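Working notes for the structure below.
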Amino acid sequence: DIRQFTDATEVLQEGVMEFVNSIAQIVHMEVHLLGGSANKNIGDAFLLVWKFPEEITMHDIIKCLVAGEPQGDNCHIVSGVADKALASFIVMQAMIRKSAKLREYSNMKELRERMPNYSVKMGFGLHVGWAIEGAIGSQYKVDASYLSPNVNMASRLEAATKQFGTKILLSGDFLSCLSKPVQKKCRAIDRVTVKGSKKPMLFATYDVEEENLEFDPDDPVYKRPPIEFTSSKVAYENLFEEHPDIVGISTSTPEFLAKFSTGFHYYIRGEWTKAERVLKQCERIRKTRAGHEIEDGPTQTLLRVMSESNFKAPTDWEGFRELTEK
């Protein structure tokens with residue numbers, strides 16, 4: 001989803017098509033290079049799909065979910081696909097930051113007057129599950145697409161990124177499909193029920209910060225088509241440790257992840273006074289490479305939720321809350 005798209009559309013008017021296509025060029029390219037496919041664009045939103053090989057069944061995926069991590073040959077195939085899906089979303093944000101064409105929009109006077117400090121940004125939701133693939137329409141118009149409650153869930157995850165102040169939201173099911181080393185780079189940030197479901201769902205994120213990227217914005221290479229400066233054409237043995245954009249844009253240290261995890265588990269257990277004490281230490285721990293403090297959205301969200309009841313868990317607290325906004 002492209003952030004602040006309505007405002008950008010009103011400012012750019014007929015120029016919005018070129019704006020969206022410039023972003024789509026990066027989104028579609030990175031998805032393709034990392035094993036996925038772009039299904040459709042709907043205004044400011046992209047539906048992106050990673051299909052498992054034919055030999056992978058829902059039984060294989062369920063085994064990963066039950067175990068909480070990939071185990072066995074088929075589960076490692078599952079984690080390979082999941083790792084690439086997450087990696088593509090991380091790399092897209094780095095590529096958007098580097099693109100000279102998209103930086104022109106960030107510097108456009110009209111956009112900055114409407115939205116001070118404007119820059120092109122996106123939000124992402126990732127979920128895993130079955131979907132029906134096929135042609136939808138009539139003799140007048142046909143689209144190839146996917147129908148499933150799992151598609152709707154991915155959309156809801158993306159929408160919730162704004163509530164949590166994060167750029168990427170992962171469902172607990174998707175988190176369980178990631179390889180163990182990549183899971184350790186993510187963090188669980190809440191446990192909720194969404195509209196239309198009574199089953200609690202874990203929400204997780206992978207922390208990124210575009211300001212962390214080290215590159216020369218005046219290098220003429222970034223004025224070229226994105227395929228000429230992407231690093232995703234290389235076959236990495238360890239994607240999350242070797243891809244320069246993933247390494248460059250990531251922000252969370254093991255120390256921060258451990259401290260947040262402690263506060264989060266106090267929150268889940270209903271020990272909200274302890275959770276408050278630990279999470280308040282997490283609010284501004286994250287920093288950019290330049291030393292600037294990063295206000296941590298997930299931390300602030302949990303503190304706000306607990307503050308509404310004076311940091312005392314409800315008597316009927318069962319370790320999750322209802323996500324009231326769609």
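We label chains A, B, ... in the order they appear in the structure tokens, count residues from 1 in each chain, and number ligands from 1 in the order shown.
The environment of range 235-247 of chain A within 10 Å, counting only C-alpha atoms and disregarding residues fewer than 3 places along the same chain, consists of Leu33, Leu34, Asp83, Lys84, Leu86, Ala87, Ser88, Phe89, Ile90, Val91, Met92, Gln93, Ala94, Met95, Pro181, Val182, Lys185, Val208, Glu210, Asn212, Leu213, Glu214, Thr230, Ser231, Ser232, Ser250 and Thr251 of chain A.
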Could you list, with a cut-off of 9 Å and counting only C-alpha atoms, the residues of range 201-280 of chain A near range 100-115 of chain A, each shown with its nearest atom pair and the distance in Å rounded to one decimal, rows sorted by chain and ascending number, as JSON lines?
```
{"residue": "A:Pro217", "atom": "CA", "partner": "A:Ala100", "partner_atom": "CA", "distance": 7.4}
{"residue": "A:Asp218", "atom": "CA", "partner": "A:Ala100", "partner_atom": "CA", "distance": 8.5}
{"residue": "A:Pro220", "atom": "CA", "partner": "A:Ala100", "partner_atom": "CA", "distance": 8.5}
{"residue": "A:Val221", "atom": "CA", "partner": "A:Ala100", "partner_atom": "CA", "distance": 8.9}
{"residue": "A:Tyr222", "atom": "CA", "partner": "A:Ala100", "partner_atom": "CA", "distance": 5.4}
{"residue": "A:Lys223", "atom": "CA", "partner": "A:Ala100", "partner_atom": "CA", "distance": 5.1}
{"residue": "A:Arg224", "atom": "CA", "partner": "A:Ala100", "partner_atom": "CA", "distance": 8.2}
```
Can you tell me, as a PyMOL selection string, which residues in range 14-251 of chain A count as strand (DSSP E) by DSSP? chain A and resi 37-42+45-49+124-126+132-137+142-147+168-171+187-193+201-205
Long-range neighbours of Asn39 in chain A as a PyMOL selection string, 8 Å cut-off, only C-alpha atoms, 2 positions minimum in chain: chain A and resi 37+41+46-49+144-145
If you keep N, CA and C atoms, can you produce a file of those selected residues as a CSV table (one decimal), in the first residue's frame?
```
chain,number,residue,atom,x,y,z
A,37,SER,N,5.2,-13.3,-7.7
A,37,SER,CA,4.5,-12.7,-8.9
A,37,SER,C,3.6,-11.6,-8.4
A,41,ASN,N,-2.9,-4.6,-9.3
A,41,ASN,CA,-2.8,-3.3,-8.7
A,41,ASN,C,-4.2,-2.7,-8.6
A,46,PHE,N,-1.1,-3.2,-4.0
A,46,PHE,CA,-0.6,-4.2,-4.8
A,46,PHE,C,-0.9,-5.6,-4.1
A,47,LEU,N,-1.5,-6.5,-4.9
A,47,LEU,CA,-1.6,-7.9,-4.4
A,47,LEU,C,-0.5,-8.7,-5.0
A,48,LEU,N,0.4,-9.2,-4.1
A,48,LEU,CA,1.6,-9.9,-4.5
A,48,LEU,C,1.6,-11.3,-3.9
A,49,VAL,N,2.0,-12.3,-4.7
A,49,VAL,CA,1.8,-13.7,-4.4
A,49,VAL,C,3.1,-14.5,-4.5
A,144,ALA,N,-7.6,-12.4,-13.7
A,144,ALA,CA,-7.0,-13.6,-13.0
A,144,ALA,C,-6.7,-13.1,-11.6
A,145,SER,N,-7.2,-13.8,-10.6
A,145,SER,CA,-7.0,-13.3,-9.2
A,145,SER,C,-7.1,-14.5,-8.3
```
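As for CA of Gly248 in chain A and CA of Phe215 in chain A, they are spaced 9.6 Å apart.
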As a list in words, please: the residues near range 302-315 of chain A (cut-off 8 Å, only C-alpha atoms, same-chain neighbours under 4 positions excluded). Asp190, Gly270, Glu271, Trp272, Thr273, Glu276, Leu279, Lys280 and Pro298 of chain A
Those residues you just picked out, can you put them in a file as a CSV table (one decimal), in the first residue's frame with all heavy atoms?
```csv
chain,number,residue,atom,x,y,z
A,190,ASP,N,2.0,-8.0,19.2
A,190,ASP,CA,0.7,-8.0,19.8
A,190,ASP,C,0.0,-9.3,19.5
A,190,ASP,O,0.4,-10.1,18.7
A,190,ASP,CB,-0.2,-6.8,19.3
A,190,ASP,CG,-1.2,-6.4,20.4
A,190,ASP,OD1,-1.4,-7.1,21.4
A,190,ASP,OD2,-1.7,-5.3,20.2
A,270,GLY,N,-0.3,-10.5,31.4
A,270,GLY,CA,-1.2,-9.6,32.2
A,270,GLY,C,-0.5,-8.9,33.4
A,270,GLY,O,-1.1,-8.3,34.2
A,271,GLU,N,0.9,-9.0,33.4
A,271,GLU,CA,1.7,-8.3,34.4
A,271,GLU,C,2.0,-6.9,33.8
A,271,GLU,O,3.2,-6.6,33.5
A,271,GLU,CB,2.9,-9.1,34.7
A,271,GLU,CG,2.6,-10.5,35.3
A,271,GLU,CD,3.9,-11.3,35.5
A,271,GLU,OE1,4.7,-10.8,36.3
A,271,GLU,OE2,4.0,-12.4,35.0
A,272,TRP,N,1.0,-6.0,33.8
A,272,TRP,CA,1.2,-4.8,33.0
A,272,TRP,C,2.1,-3.7,33.7
A,272,TRP,O,2.6,-2.9,33.1
A,272,TRP,CB,-0.2,-4.2,32.7
A,272,TRP,CG,-0.9,-5.0,31.6
A,272,TRP,CD1,-0.4,-6.2,31.1
A,272,TRP,CD2,-2.0,-4.6,30.9
A,272,TRP,NE1,-1.3,-6.6,30.1
A,272,TRP,CE2,-2.3,-5.7,30.0
A,272,TRP,CE3,-2.9,-3.6,31.0
A,272,TRP,CZ2,-3.4,-5.7,29.1
A,272,TRP,CZ3,-4.0,-3.6,30.1
A,272,TRP,CH2,-4.2,-4.6,29.2
A,273,THR,N,2.2,-3.8,35.0
A,273,THR,CA,3.1,-2.9,35.7
A,273,THR,C,4.5,-3.2,35.3
A,273,THR,O,5.3,-2.3,35.0
A,273,THR,CB,2.9,-3.0,37.2
A,273,THR,OG1,1.6,-2.7,37.6
A,273,THR,CG2,3.9,-2.0,37.9
A,276,GLU,N,5.0,-2.2,31.6
A,276,GLU,CA,5.2,-0.8,31.5
A,276,GLU,C,6.7,-0.4,31.8
A,276,GLU,O,7.3,0.4,31.0
A,276,GLU,CB,4.3,0.0,32.5
A,276,GLU,CG,4.5,1.5,32.4
A,276,GLU,CD,3.8,2.2,33.6
A,276,GLU,OE1,3.5,1.6,34.5
A,276,GLU,OE2,3.7,3.5,33.5
A,279,LEU,N,8.9,-1.8,28.9
A,279,LEU,CA,8.6,-1.2,27.5
A,279,LEU,C,9.0,0.3,27.5
A,279,LEU,O,9.4,0.8,26.4
A,279,LEU,CB,7.2,-1.4,27.1
A,279,LEU,CG,6.8,-2.9,26.8
A,279,LEU,CD1,5.3,-3.0,26.6
A,279,LEU,CD2,7.6,-3.4,25.6
A,280,LYS,N,8.9,1.0,28.6
A,280,LYS,CA,9.3,2.4,28.6
A,280,LYS,C,10.8,2.6,28.3
A,280,LYS,O,11.2,3.6,27.8
A,280,LYS,CB,8.9,3.1,29.9
A,280,LYS,CG,7.4,3.5,29.9
A,280,LYS,CD,7.1,4.3,31.1
A,280,LYS,CE,5.7,4.9,31.0
A,280,LYS,NZ,5.3,5.7,32.2
A,298,PRO,N,5.4,0.1,17.8
A,298,PRO,CA,4.8,-1.0,18.5
A,298,PRO,C,4.9,-0.8,20.1
A,298,PRO,O,4.0,-1.1,20.8
A,298,PRO,CB,5.6,-2.2,18.1
A,298,PRO,CG,6.1,-1.9,16.7
A,298,PRO,CD,6.4,-0.4,16.8
```
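Comparing A:Trp317, A:Tyr206, A:Tyr267, A:Trp50 by their smallest distance to Ile249 in chain A, the closest is A:Tyr206 (using only C-alpha atoms).
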Surrounding residues of Ala24 in chain A excluding itself and chain neighbours under 6 positions, 10 Å, only C-alpha atoms, as number ranges by chain: A: 18, 30, 38, 41, 44-46
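Considering the residues A:Ile168, A:Val20, A:Ile227, A:Leu147 and counting only C-alpha atoms, Ala8 in chain A has its shortest atom-to-atom contact with A:Val20.
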Contacts of Leu170 in chain A within 7 Å, only C-alpha atoms, excl. fewer than 5 positions in-chain, as a list in words: Gly125, Leu126, His127, Leu175, Phe203, Ala204 and Thr205 of chain A
Within 12 Å of Glu55 in chain A using only C-alpha atoms, minus same-chain residues under 6 positions, as an MDAnalysis selection string: chainID A and resid 61 73:75 77:78
Of the residues A:Tyr140, A:Phe52, A:Phe19, A:Phe174, which is the one nearest to Cys64 in chain A, using only C-alpha atoms? A:Phe174
Check the smallest atom-to-atom distance from each of A:Pro226, A:Gly172, A:Gly36, A:Gly137 to Arg97 in chain A using only C-alpha atoms, then report the winner. A:Pro226
How far is it from CA of Gly297 in chain A to CA of Thr161 in chain A, in Å with one decimal? 9.4 Å
